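**Student:** Handing you a structure now.
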Amino acid sequence: MEMYRSHVLVCAGAGCISSDCKSVQQALLANINDLRLDNEVKVVETGCMGPCDLGPVVMVFPDGVFYRKLKPEDTREIVNEHLLKGKVVTRLLHTPVGSTEKVTSINELEFFQRQTRIALRNTGLINPESVEEYIARDGYRALGKALSQMTPEEVVITIKESGLRGRGGAGFPTGLKWQFTAAAPGSPKYVVCNADEGDPGAFMDRSILEGDPHSVLEAMAICGYAIGADKGYIYVRAEYPLAVERLELAISKGREYGLLGENMFGTGFSFDVEIRVGAGAFVCGEETALLASIEGQRGEPRPKPPFPAQEGLWGKPTVINNVETLANIAQIILNGAPWYASMGTEKSKGTKVFALAGKVNNTGLVEVPMGTTLRDIIFDIGGGINGGKKFKAVQTGGPSGGCIPEAYLDTPVDYDSLNELGTIMGSGGMIIVDEDTCMVDLAKFFLDFVQDESCGKCAPCRIGTKRMLEILERITSGQGREGDIELLEELSYGIKNSALCGLGQTAPNPVLSTLRYFRHEYEAHIRDHKCPASACPELLTYYIDPRACKGCGVCSKACPSDAVLGEKKKPHTIDLNKCIKCGTCKQKCKFDAVITV
Ligand SMILES: Cc1cc2nc3c(=O)[nH]c(=O)nc-3n(C[C@H](O)[C@H](O)[C@H](O)COP(=O)(O)O)c2cc1C
Ligand code: SF4
Ligand code: SF4
Ligand code: SF4
Ligand code: FES
């Protein structure tokens with residue numbers, strides 16, 4: 001094996017790819033080659049390291065130095081100074097929000113310090129295309145242990161006793177699901193990995209697949225052994241081409257190394273995995289729709305029971321687990337159920353990965369023990385609200401979840417406490433909104449999403465969500481009527497109680513939770529025709545401040561309805577009768593002279 005004195009880890013997760021990490025990587029390699037350091041320094045392409053808003057990011061080991069927001073031209077200095085002379089390039093280090101000190105090592109960054117990484121143990125640290133690197137970090141040792149030292153029943157008991165619950169949204173106990181499937185009559189049995197990840201803002205499953213695909217394959221094989229299945233499918237959305245590519249490579253390497261396929265480890269147990277690429281419909285993440293889609297049918301949910309554990313893929317007993325759920329399995333087998341159960345809260349064990357998005361300073365992926373408070377996640381790890389704005393709420397559980405206002409920031413995050421607040425853990429999306437967000441508009445955004453994604457099979461969801469969206473549209477455009485709030489509530493409970501699948505049953509949640517905590521905002525829109533957050537354009541009145549206006553004329557040229565009047569170099573005015581409240585003048589004015597009330 002070749003030995004290198006230094007490893008440079010270049011994040012090639014989706015976030016960093018979008019900030020052009022490929023050019024940084026190429027420049028880095030070129031500079032390393034120029035100085036003939038290629039025998040001493042190895043560049044490793046990893047999955048997402050977590051702090052995606054700082055991309056492109058690079059870590060240099062063994063020192064653990066973390067460089068951020070790199071441009072290709074920065075790499076020459078890193079190679080000349082750091083890799084050749086051992087001097088850290090200070091100007092490329094990160095200064096955390098609220099601090100004046102630059103941080104050299106990742107271990108000093110609160111973003112990493114506060115995390116416990118189990119599902120994300122390898123993402124950002126290993127080359128996901130190298131099975132050797134996975135093996136070097138205990139990869140496939142759990143499979144070896146399960147096959148050689150444990151009976152299938154012992155594997156099931158270990159997962160049950162660990163307290164692991166499904167990370168795909170519903171939080172069903174994983175060990176119990178495996179036990180039901182193992183006990184169900186019928187053969188063959190199947191293991192299915194749900195990698196559909198359709199929640200807006202969620203990307204934890206994508207990061208695991210892109211950054212550590214073998215952890216999912218190993219877990220699927222362990223599950224196959226536990227329930228008596230020799231075949232697995234990974235259902236992954238077509239919008240994740242890098243995840244598909246890395247999974248394909250991992251499967252072929254797994255087969256080559258005898259970690260998948262016939263008679264694994266000479267134990268007589270066989271297991272193989274195939275990929276099925278979905279077309280990106282949110283409803284196909286629902287387990288029965290997903291199974292129908294794998295079978296080549298239209299991706300529509302069907303009533304439950306029967307549950308997939310009894311009648312799943314092609315009518316046979318099937319375990320369907322989420323990517324993050326599976327990414328925990330090998331560590332539980334290796335370290336034991338008590339180790340995993342020692343983390344978290346009474347009913348929610350272990351850790352959870354969250355995707356921090358929205359108005360928070362540090363966006364990206366974080367993994368924390370269950371029971372960590374929202375305040376710790378948003379303010380300590382997430383660095384608080386950007387632009388000095390005030391926190392307003394956090395939306396958990398995506399379109400199936402709800403919002404949590406400031407008064408509950410000290411709530412420990414687990415399945416039950418979030419349910420009590422009227423929201424759900426969901427798959428781990430956390431969208432943080434500030435004082436400038438209109439909560440009626442936020443509810444409208446999610447309802448628009450589910451209405452669009454409804455498969456249309458049942459009337460409450462197909463028609464009911466459309467009616468709810470129409471009501472929200474009229475409220476945010478100033479046409480709300482007395483009785484609209486009550487109508488929204490009636491429709492919400494009607495849909496929740498009668499829709500066929502989880503999509504419809506949870507679709508009204510964002511409306512119900514914003515009504516629970518921000519009812520006054522709905523009332524202000526309907527009764528006073530005002531948007532308290534000044535976010536709904538149609539409820540605003542546009543004026544030009546004569547003291548700030550320079551008479552540059554930019555707004556009058558841009559106005560689509562010729563509503564701006566005035567002579568050059570003199571303060572302009574807006575004809576409110578002509579103004580259609582499009583907001584263009586406010587966006588265009590460089591002097592902040594356009595004000596809204
Ligand atoms: C509309 C809808 C979309 C869903 N999307 C996903 C998804 O993208 N990924 C996922 O793992 N589970 C999703 N689920 C949950 C799955 O139906 C299922 O509960 C889960 O895959 C089981 O795995 P787990 O027990 O490991 O969480 C969705 C459910 C609904 C109702
Ligand atoms: S609830 Fe909505 S998504 Fe689910 S089956 Fe009915 S129409 Fe389709
Ligand atoms: S763009 Fe601003 S400064 Fe220029 S005329 Fe309009 S309001 Fe006045
Ligand atoms: S809001 Fe739109 S329509 Fe009204 S004055 Fe400004 S640019 Fe013209
Ligand atoms: S994609 Fe690079 S840090 Fe997330």
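Each chain of the structure tokens is named A, B, ... in the order shown, its residues numbered from 1; ligands are numbered from 1 in display order.
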Kindly compile the residues surrounding ligand 3 within 9 Å, counting only C-alpha atoms and all ligand atoms, and format them as a PyMOL selection string.
**Tutor:** chain A and resi 543-546+548-558+564-573+585-595
**Student:** Within 8 Å of ligand 2, counting only C-alpha atoms and all ligand atoms: which residues, as an NGL selection string?
**Tutor:** :A and (283 or 300-302 or 453-462 or 499-505)
**Student:** Write out the residues from the selection above, keeping N, CA, C and O atoms, as a PDB file, in the first residue's frame.
**Tutor:**
```pdb
ATOM      1  N   VAL A 283     -44.639  11.364  -3.994  1.00  0.00           N
ATOM      2  CA  VAL A 283     -45.481  10.284  -3.481  1.00  0.00           C
ATOM      3  C   VAL A 283     -44.786   8.921  -3.595  1.00  0.00           C
ATOM      4  O   VAL A 283     -45.091   7.995  -2.849  1.00  0.00           O
ATOM      5  N   GLU A 300     -48.498   4.648  -7.243  1.00  0.00           N
ATOM      6  CA  GLU A 300     -49.619   5.119  -6.424  1.00  0.00           C
ATOM      7  C   GLU A 300     -49.682   4.308  -5.139  1.00  0.00           C
ATOM      8  O   GLU A 300     -49.483   3.083  -5.164  1.00  0.00           O
ATOM      9  N   PRO A 301     -49.999   4.963  -4.001  1.00  0.00           N
ATOM     10  CA  PRO A 301     -50.118   4.211  -2.748  1.00  0.00           C
ATOM     11  C   PRO A 301     -51.322   3.285  -2.786  1.00  0.00           C
ATOM     12  O   PRO A 301     -52.257   3.502  -3.561  1.00  0.00           O
ATOM     13  N   ARG A 302     -51.270   2.279  -1.937  1.00  0.00           N
ATOM     14  CA  ARG A 302     -52.431   1.395  -1.762  1.00  0.00           C
ATOM     15  C   ARG A 302     -52.744   1.357  -0.264  1.00  0.00           C
ATOM     16  O   ARG A 302     -51.907   1.715   0.573  1.00  0.00           O
ATOM     17  N   GLU A 453     -47.969  17.553  -5.853  1.00  0.00           N
ATOM     18  CA  GLU A 453     -47.432  16.187  -5.800  1.00  0.00           C
ATOM     19  C   GLU A 453     -48.498  15.128  -5.518  1.00  0.00           C
ATOM     20  O   GLU A 453     -48.204  13.933  -5.571  1.00  0.00           O
ATOM     21  N   SER A 454     -49.721  15.550  -5.177  1.00  0.00           N
ATOM     22  CA  SER A 454     -50.791  14.587  -4.917  1.00  0.00           C
ATOM     23  C   SER A 454     -50.970  13.693  -6.146  1.00  0.00           C
ATOM     24  O   SER A 454     -51.029  14.177  -7.270  1.00  0.00           O
ATOM     25  N   CYS A 455     -51.078  12.364  -5.900  1.00  0.00           N
ATOM     26  CA  CYS A 455     -51.180  11.470  -7.066  1.00  0.00           C
ATOM     27  C   CYS A 455     -52.590  11.477  -7.641  1.00  0.00           C
ATOM     28  O   CYS A 455     -52.827  10.996  -8.743  1.00  0.00           O
ATOM     29  N   GLY A 456     -53.543  11.996  -6.863  1.00  0.00           N
ATOM     30  CA  GLY A 456     -54.905  12.139  -7.383  1.00  0.00           C
ATOM     31  C   GLY A 456     -55.781  10.925  -7.203  1.00  0.00           C
ATOM     32  O   GLY A 456     -56.932  10.913  -7.636  1.00  0.00           O
ATOM     33  N   LYS A 457     -55.247   9.885  -6.536  1.00  0.00           N
ATOM     34  CA  LYS A 457     -56.022   8.645  -6.424  1.00  0.00           C
ATOM     35  C   LYS A 457     -57.271   8.823  -5.553  1.00  0.00           C
ATOM     36  O   LYS A 457     -58.307   8.238  -5.824  1.00  0.00           O
ATOM     37  N   CYS A 458     -57.145   9.624  -4.482  1.00  0.00           N
ATOM     38  CA  CYS A 458     -58.338   9.776  -3.631  1.00  0.00           C
ATOM     39  C   CYS A 458     -58.789  11.232  -3.575  1.00  0.00           C
ATOM     40  O   CYS A 458     -57.971  12.152  -3.580  1.00  0.00           O
ATOM     41  N   ALA A 459     -60.120  11.412  -3.482  1.00  0.00           N
ATOM     42  CA  ALA A 459     -60.703  12.747  -3.618  1.00  0.00           C
ATOM     43  C   ALA A 459     -60.318  13.719  -2.504  1.00  0.00           C
ATOM     44  O   ALA A 459     -60.052  14.889  -2.789  1.00  0.00           O
ATOM     45  N   PRO A 460     -60.265  13.297  -1.219  1.00  0.00           N
ATOM     46  CA  PRO A 460     -59.963  14.287  -0.182  1.00  0.00           C
ATOM     47  C   PRO A 460     -58.645  15.010  -0.437  1.00  0.00           C
ATOM     48  O   PRO A 460     -58.553  16.232  -0.279  1.00  0.00           O
ATOM     49  N   CYS A 461     -57.649  14.255  -0.860  1.00  0.00           N
ATOM     50  CA  CYS A 461     -56.343  14.860  -1.098  1.00  0.00           C
ATOM     51  C   CYS A 461     -56.339  15.611  -2.432  1.00  0.00           C
ATOM     52  O   CYS A 461     -55.904  16.766  -2.505  1.00  0.00           O
ATOM     53  N   ARG A 462     -56.873  14.974  -3.474  1.00  0.00           N
ATOM     54  CA  ARG A 462     -56.831  15.588  -4.809  1.00  0.00           C
ATOM     55  C   ARG A 462     -57.606  16.917  -4.828  1.00  0.00           C
ATOM     56  O   ARG A 462     -57.088  17.935  -5.272  1.00  0.00           O
ATOM     57  N   ALA A 499     -57.919  10.856   3.874  1.00  0.00           N
ATOM     58  CA  ALA A 499     -57.001  10.599   2.751  1.00  0.00           C
ATOM     59  C   ALA A 499     -56.420   9.190   2.865  1.00  0.00           C
ATOM     60  O   ALA A 499     -56.276   8.648   3.967  1.00  0.00           O
ATOM     61  N   LEU A 500     -56.092   8.645   1.727  1.00  0.00           N
ATOM     62  CA  LEU A 500     -55.643   7.247   1.688  1.00  0.00           C
ATOM     63  C   LEU A 500     -54.238   7.061   2.246  1.00  0.00           C
ATOM     64  O   LEU A 500     -53.946   6.099   2.940  1.00  0.00           O
ATOM     65  N   CYS A 501     -53.322   7.965   1.901  1.00  0.00           N
ATOM     66  CA  CYS A 501     -51.927   7.731   2.308  1.00  0.00           C
ATOM     67  C   CYS A 501     -51.385   8.902   3.121  1.00  0.00           C
ATOM     68  O   CYS A 501     -52.033   9.929   3.288  1.00  0.00           O
ATOM     69  N   GLY A 502     -50.154   8.704   3.594  1.00  0.00           N
ATOM     70  CA  GLY A 502     -49.512   9.695   4.448  1.00  0.00           C
ATOM     71  C   GLY A 502     -49.390  11.065   3.812  1.00  0.00           C
ATOM     72  O   GLY A 502     -49.387  12.082   4.513  1.00  0.00           O
ATOM     73  N   LEU A 503     -49.316  11.129   2.487  1.00  0.00           N
ATOM     74  CA  LEU A 503     -49.171  12.442   1.844  1.00  0.00           C
ATOM     75  C   LEU A 503     -50.393  13.303   2.172  1.00  0.00           C
ATOM     76  O   LEU A 503     -50.271  14.422   2.669  1.00  0.00           O
ATOM     77  N   GLY A 504     -51.577  12.765   1.917  1.00  0.00           N
ATOM     78  CA  GLY A 504     -52.798  13.520   2.192  1.00  0.00           C
ATOM     79  C   GLY A 504     -53.048  13.666   3.687  1.00  0.00           C
ATOM     80  O   GLY A 504     -53.466  14.731   4.156  1.00  0.00           O
ATOM     81  N   GLN A 505     -52.740  12.607   4.429  1.00  0.00           N
ATOM     82  CA  GLN A 505     -53.022  12.651   5.880  1.00  0.00           C
ATOM     83  C   GLN A 505     -52.195  13.720   6.596  1.00  0.00           C
ATOM     84  O   GLN A 505     -52.578  14.204   7.655  1.00  0.00           O
TER      85      GLN A 505
END
```
**Student:** I'd like the neighbourhood of stretch 8-16 of chain A as a PyMOL selection string, where a residue qualifies if any of its atoms comes within 10 Å (using only C-alpha atoms), though same-chain residues fewer than 5 positions away should be ignored.
**Tutor:** chain A and resi 21-22+24-25+28+41-62+64-67+69+83+123-128+203+206-208+210-211+240+242-243+364
**Student:** Which residue, A:Gly163, A:Gly383, A:Pro173, A:Gly422, has the smallest gap to ligand 1 when you use only C-alpha atoms and all ligand atoms?
**Tutor:**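 Comparing A:Gly163, A:Gly383, A:Pro173, A:Gly422 against ligand 1, the winner is A:Pro173.
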**Student:** Pick from A:Ala535, A:Ile574, A:Ala309, A:Ala355: nearest to ligand 1, with only C-alpha atoms and all ligand atoms counted?
**Tutor:**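 The closest residue to ligand 1 is A:Ala309.
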**Student:** Using DSSP on the backbone, list every residue of stretch 6-159 of chain A that comes out as helix (DSSP H, G or I), and give them as a PyMOL selection string.
**Tutor:** chain A and resi 14-18+21-34+52-54+74-85+90-92+106-108+110-113+131-136+141-149+152-159
**Student:** Output the selection as a compact mmCIF listing (two decimals), in the first residue's frame - C-alpha atoms for each residue.
**Tutor:**
```
# COMPACT_ATOMS: atom_id res chain seq x y z
CA ALA A 14 -23.63 18.19 -4.21
CA GLY A 15 -23.34 21.58 -2.44
CA CYS A 16 -19.64 21.91 -3.18
CA ILE A 17 -20.10 20.68 -6.74
CA SER A 18 -22.52 23.56 -7.24
CA CYS A 21 -15.22 22.28 -6.30
CA LYS A 22 -14.20 20.40 -9.46
CA SER A 23 -12.14 23.36 -10.71
CA VAL A 24 -10.55 23.70 -7.27
CA GLN A 25 -9.67 20.00 -7.28
CA GLN A 26 -8.18 20.18 -10.77
CA ALA A 27 -6.09 23.23 -9.87
CA LEU A 28 -4.94 21.53 -6.69
CA LEU A 29 -3.84 18.41 -8.58
CA ALA A 30 -2.07 20.52 -11.21
CA ASN A 31 -0.16 22.47 -8.55
CA ILE A 32 0.77 19.28 -6.68
CA ASN A 33 2.06 17.76 -9.93
CA ASP A 34 3.99 20.94 -10.81
CA CYS A 52 -22.14 23.33 2.66
CA ASP A 53 -22.50 27.13 2.73
CA LEU A 54 -18.70 27.39 3.06
CA ASP A 74 -6.04 29.70 -3.94
CA THR A 75 -4.71 26.19 -4.35
CA ARG A 76 -1.23 27.34 -5.44
CA GLU A 77 -0.74 28.99 -2.05
CA ILE A 78 -2.02 25.91 -0.22
CA VAL A 79 0.45 23.72 -2.12
CA ASN A 80 3.43 26.13 -1.86
CA GLU A 81 2.94 27.16 1.73
CA HIS A 82 1.07 24.38 3.50
CA LEU A 83 1.97 21.20 1.66
CA LEU A 84 5.55 22.15 0.87
CA LYS A 85 6.60 24.31 3.84
CA THR A 90 -4.37 31.86 7.39
CA ARG A 91 -6.35 33.93 4.94
CA LEU A 92 -8.20 30.83 3.70
CA ILE A 106 -12.14 21.27 12.27
CA ASN A 107 -11.94 20.09 15.87
CA GLU A 108 -12.12 23.72 17.00
CA GLU A 110 -18.41 24.39 17.10
CA PHE A 111 -20.23 23.15 14.01
CA PHE A 112 -18.28 19.86 14.28
CA GLN A 113 -17.61 19.84 18.03
CA VAL A 131 -14.05 0.13 -0.82
CA GLU A 132 -10.59 -0.14 0.77
CA GLU A 133 -11.08 3.14 2.59
CA TYR A 134 -14.47 1.95 3.85
CA ILE A 135 -12.91 -1.31 5.02
CA ALA A 136 -10.07 0.61 6.71
CA ARG A 141 -16.70 -5.91 9.88
CA ALA A 142 -20.28 -5.81 11.18
CA LEU A 143 -21.46 -7.99 8.31
CA GLY A 144 -18.64 -10.43 9.04
CA LYS A 145 -19.60 -10.44 12.72
CA ALA A 146 -23.30 -10.98 11.98
CA LEU A 147 -22.66 -13.82 9.55
CA SER A 148 -20.02 -15.62 11.59
CA GLN A 149 -20.94 -14.95 15.23
CA PRO A 152 -30.42 -14.05 12.39
CA GLU A 153 -32.58 -13.86 15.54
CA GLU A 154 -29.69 -12.32 17.49
CA VAL A 155 -29.28 -9.66 14.82
CA VAL A 156 -32.98 -8.79 15.04
CA ILE A 157 -32.85 -8.66 18.86
CA THR A 158 -29.79 -6.38 18.76
CA ILE A 159 -31.52 -3.92 16.44
```
**Student:** Excluding A:Gln115 and residues on its chain fewer than 6 positions from it, collect all residues at most 8 Å away from it, counting only C-alpha atoms, and give them as a list of chain:residue names.
**Tutor:** A:Val366, A:Glu367, A:Val368, A:Pro369
**Student:** Just want the 8 Å neighbourhood of stretch 256-270 of chain A, counted on only C-alpha atoms, with same-chain residues fewer than 3 positions away dropped. Output as a list in words.
**Tutor:** Tyr140, Gly144, Leu147, Ser148, Ala221, Tyr225, Asp230, Ile251, Ser252, Lys253 and Val273 of chain A
**Student:** Suppose we keep N, CA and C atoms; can you now write the selection as a PDB file, in the first residue's frame?
**Tutor:**
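Output (part_36.pdb):
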```
ATOM      1  N   TYR A 140     -17.615  -3.383   6.661  1.00  0.00           N
ATOM      2  CA  TYR A 140     -17.954  -4.788   6.438  1.00  0.00           C
ATOM      3  C   TYR A 140     -17.549  -5.696   7.604  1.00  0.00           C
ATOM      4  N   GLY A 144     -19.419  -9.232   8.694  1.00  0.00           N
ATOM      5  CA  GLY A 144     -18.640 -10.426   9.043  1.00  0.00           C
ATOM      6  C   GLY A 144     -19.058 -10.955  10.403  1.00  0.00           C
ATOM      7  N   LEU A 147     -22.613 -12.534  10.245  1.00  0.00           N
ATOM      8  CA  LEU A 147     -22.660 -13.821   9.546  1.00  0.00           C
ATOM      9  C   LEU A 147     -21.927 -14.925  10.305  1.00  0.00           C
ATOM     10  N   SER A 148     -20.837 -14.553  10.993  1.00  0.00           N
ATOM     11  CA  SER A 148     -20.024 -15.618  11.590  1.00  0.00           C
ATOM     12  C   SER A 148     -20.302 -15.827  13.073  1.00  0.00           C
ATOM     13  N   ALA A 221     -27.302  -5.988   3.505  1.00  0.00           N
ATOM     14  CA  ALA A 221     -26.913  -7.405   3.573  1.00  0.00           C
ATOM     15  C   ALA A 221     -27.177  -7.959   4.973  1.00  0.00           C
ATOM     16  N   TYR A 225     -29.694 -11.026   5.903  1.00  0.00           N
ATOM     17  CA  TYR A 225     -29.357 -12.191   6.735  1.00  0.00           C
ATOM     18  C   TYR A 225     -30.384 -12.342   7.860  1.00  0.00           C
ATOM     19  N   ASP A 230     -32.438 -12.764   0.091  1.00  0.00           N
ATOM     20  CA  ASP A 230     -31.164 -12.763  -0.630  1.00  0.00           C
ATOM     21  C   ASP A 230     -31.132 -11.695  -1.725  1.00  0.00           C
ATOM     22  N   ILE A 251     -21.593  -1.229  -5.661  1.00  0.00           N
ATOM     23  CA  ILE A 251     -22.153  -2.584  -5.844  1.00  0.00           C
ATOM     24  C   ILE A 251     -21.163  -3.452  -6.629  1.00  0.00           C
ATOM     25  N   SER A 252     -20.569  -2.871  -7.673  1.00  0.00           N
ATOM     26  CA  SER A 252     -19.657  -3.706  -8.466  1.00  0.00           C
ATOM     27  C   SER A 252     -18.391  -4.036  -7.674  1.00  0.00           C
ATOM     28  N   LYS A 253     -17.899  -3.082  -6.861  1.00  0.00           N
ATOM     29  CA  LYS A 253     -16.735  -3.376  -5.992  1.00  0.00           C
ATOM     30  C   LYS A 253     -17.109  -4.430  -4.946  1.00  0.00           C
ATOM     31  N   VAL A 273     -27.718  -6.792  -4.647  1.00  0.00           N
ATOM     32  CA  VAL A 273     -28.497  -5.550  -4.650  1.00  0.00           C
ATOM     33  C   VAL A 273     -28.616  -5.005  -6.059  1.00  0.00           C
TER      34      VAL A 273
END
```
**Student:** Pick from A:Ala238, A:Val353, A:Ala229, A:Leu37: nearest to A:Arg117, with only C-alpha atoms counted?
**Tutor:**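 Among the listed residues, A:Val353 lies closest to A:Arg117.
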**Student:** Return as a list in words every polymer residue, whether protein, DNA or RNA, with at least one atom no more than 6 Å from an atom of ligand 1; count only C-alpha atoms and all ligand atoms.
**Tutor:**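 Residues lying within 6 Å of ligand 1: Gly166, Arg167, Gly168, Gly169, Ala170, Gly171, Phe172, Thr174, Asn194, Ala195, Asp196, Glu197, Gly198, Phe282, Val283, Gly285, Glu286, Glu287, Ile320, Asn321, Asn322, Thr325, Cys501, Gly502 and Leu503 of chain A.
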**Student:** I need the residues in stretch 332-552 of chain A that are strand (DSSP E) according to DSSP; give them as a VMD selection string.
**Tutor:** chain A and resid 351 to 358 364 to 369 391 to 396 402 to 405 429 to 434 542 to 544
**Student:** Nearest to A:Ser400 among A:Ala443, A:Ile424, A:Leu469, A:Val277, with distances taken over only C-alpha atoms: which residue is it?
**Tutor:**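 Between A:Ala443, A:Ile424, A:Leu469, A:Val277, the residue approaching A:Ser400 most closely is A:Ile424.
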**Student:** Using only C-alpha atoms and all ligand atoms, which residue out of A:Met204, A:Leu442, A:Leu488, A:Ala219 lies closest to ligand 5?
**Tutor:**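 Checking each candidate against ligand 5, we get A:Met204 as the closest.
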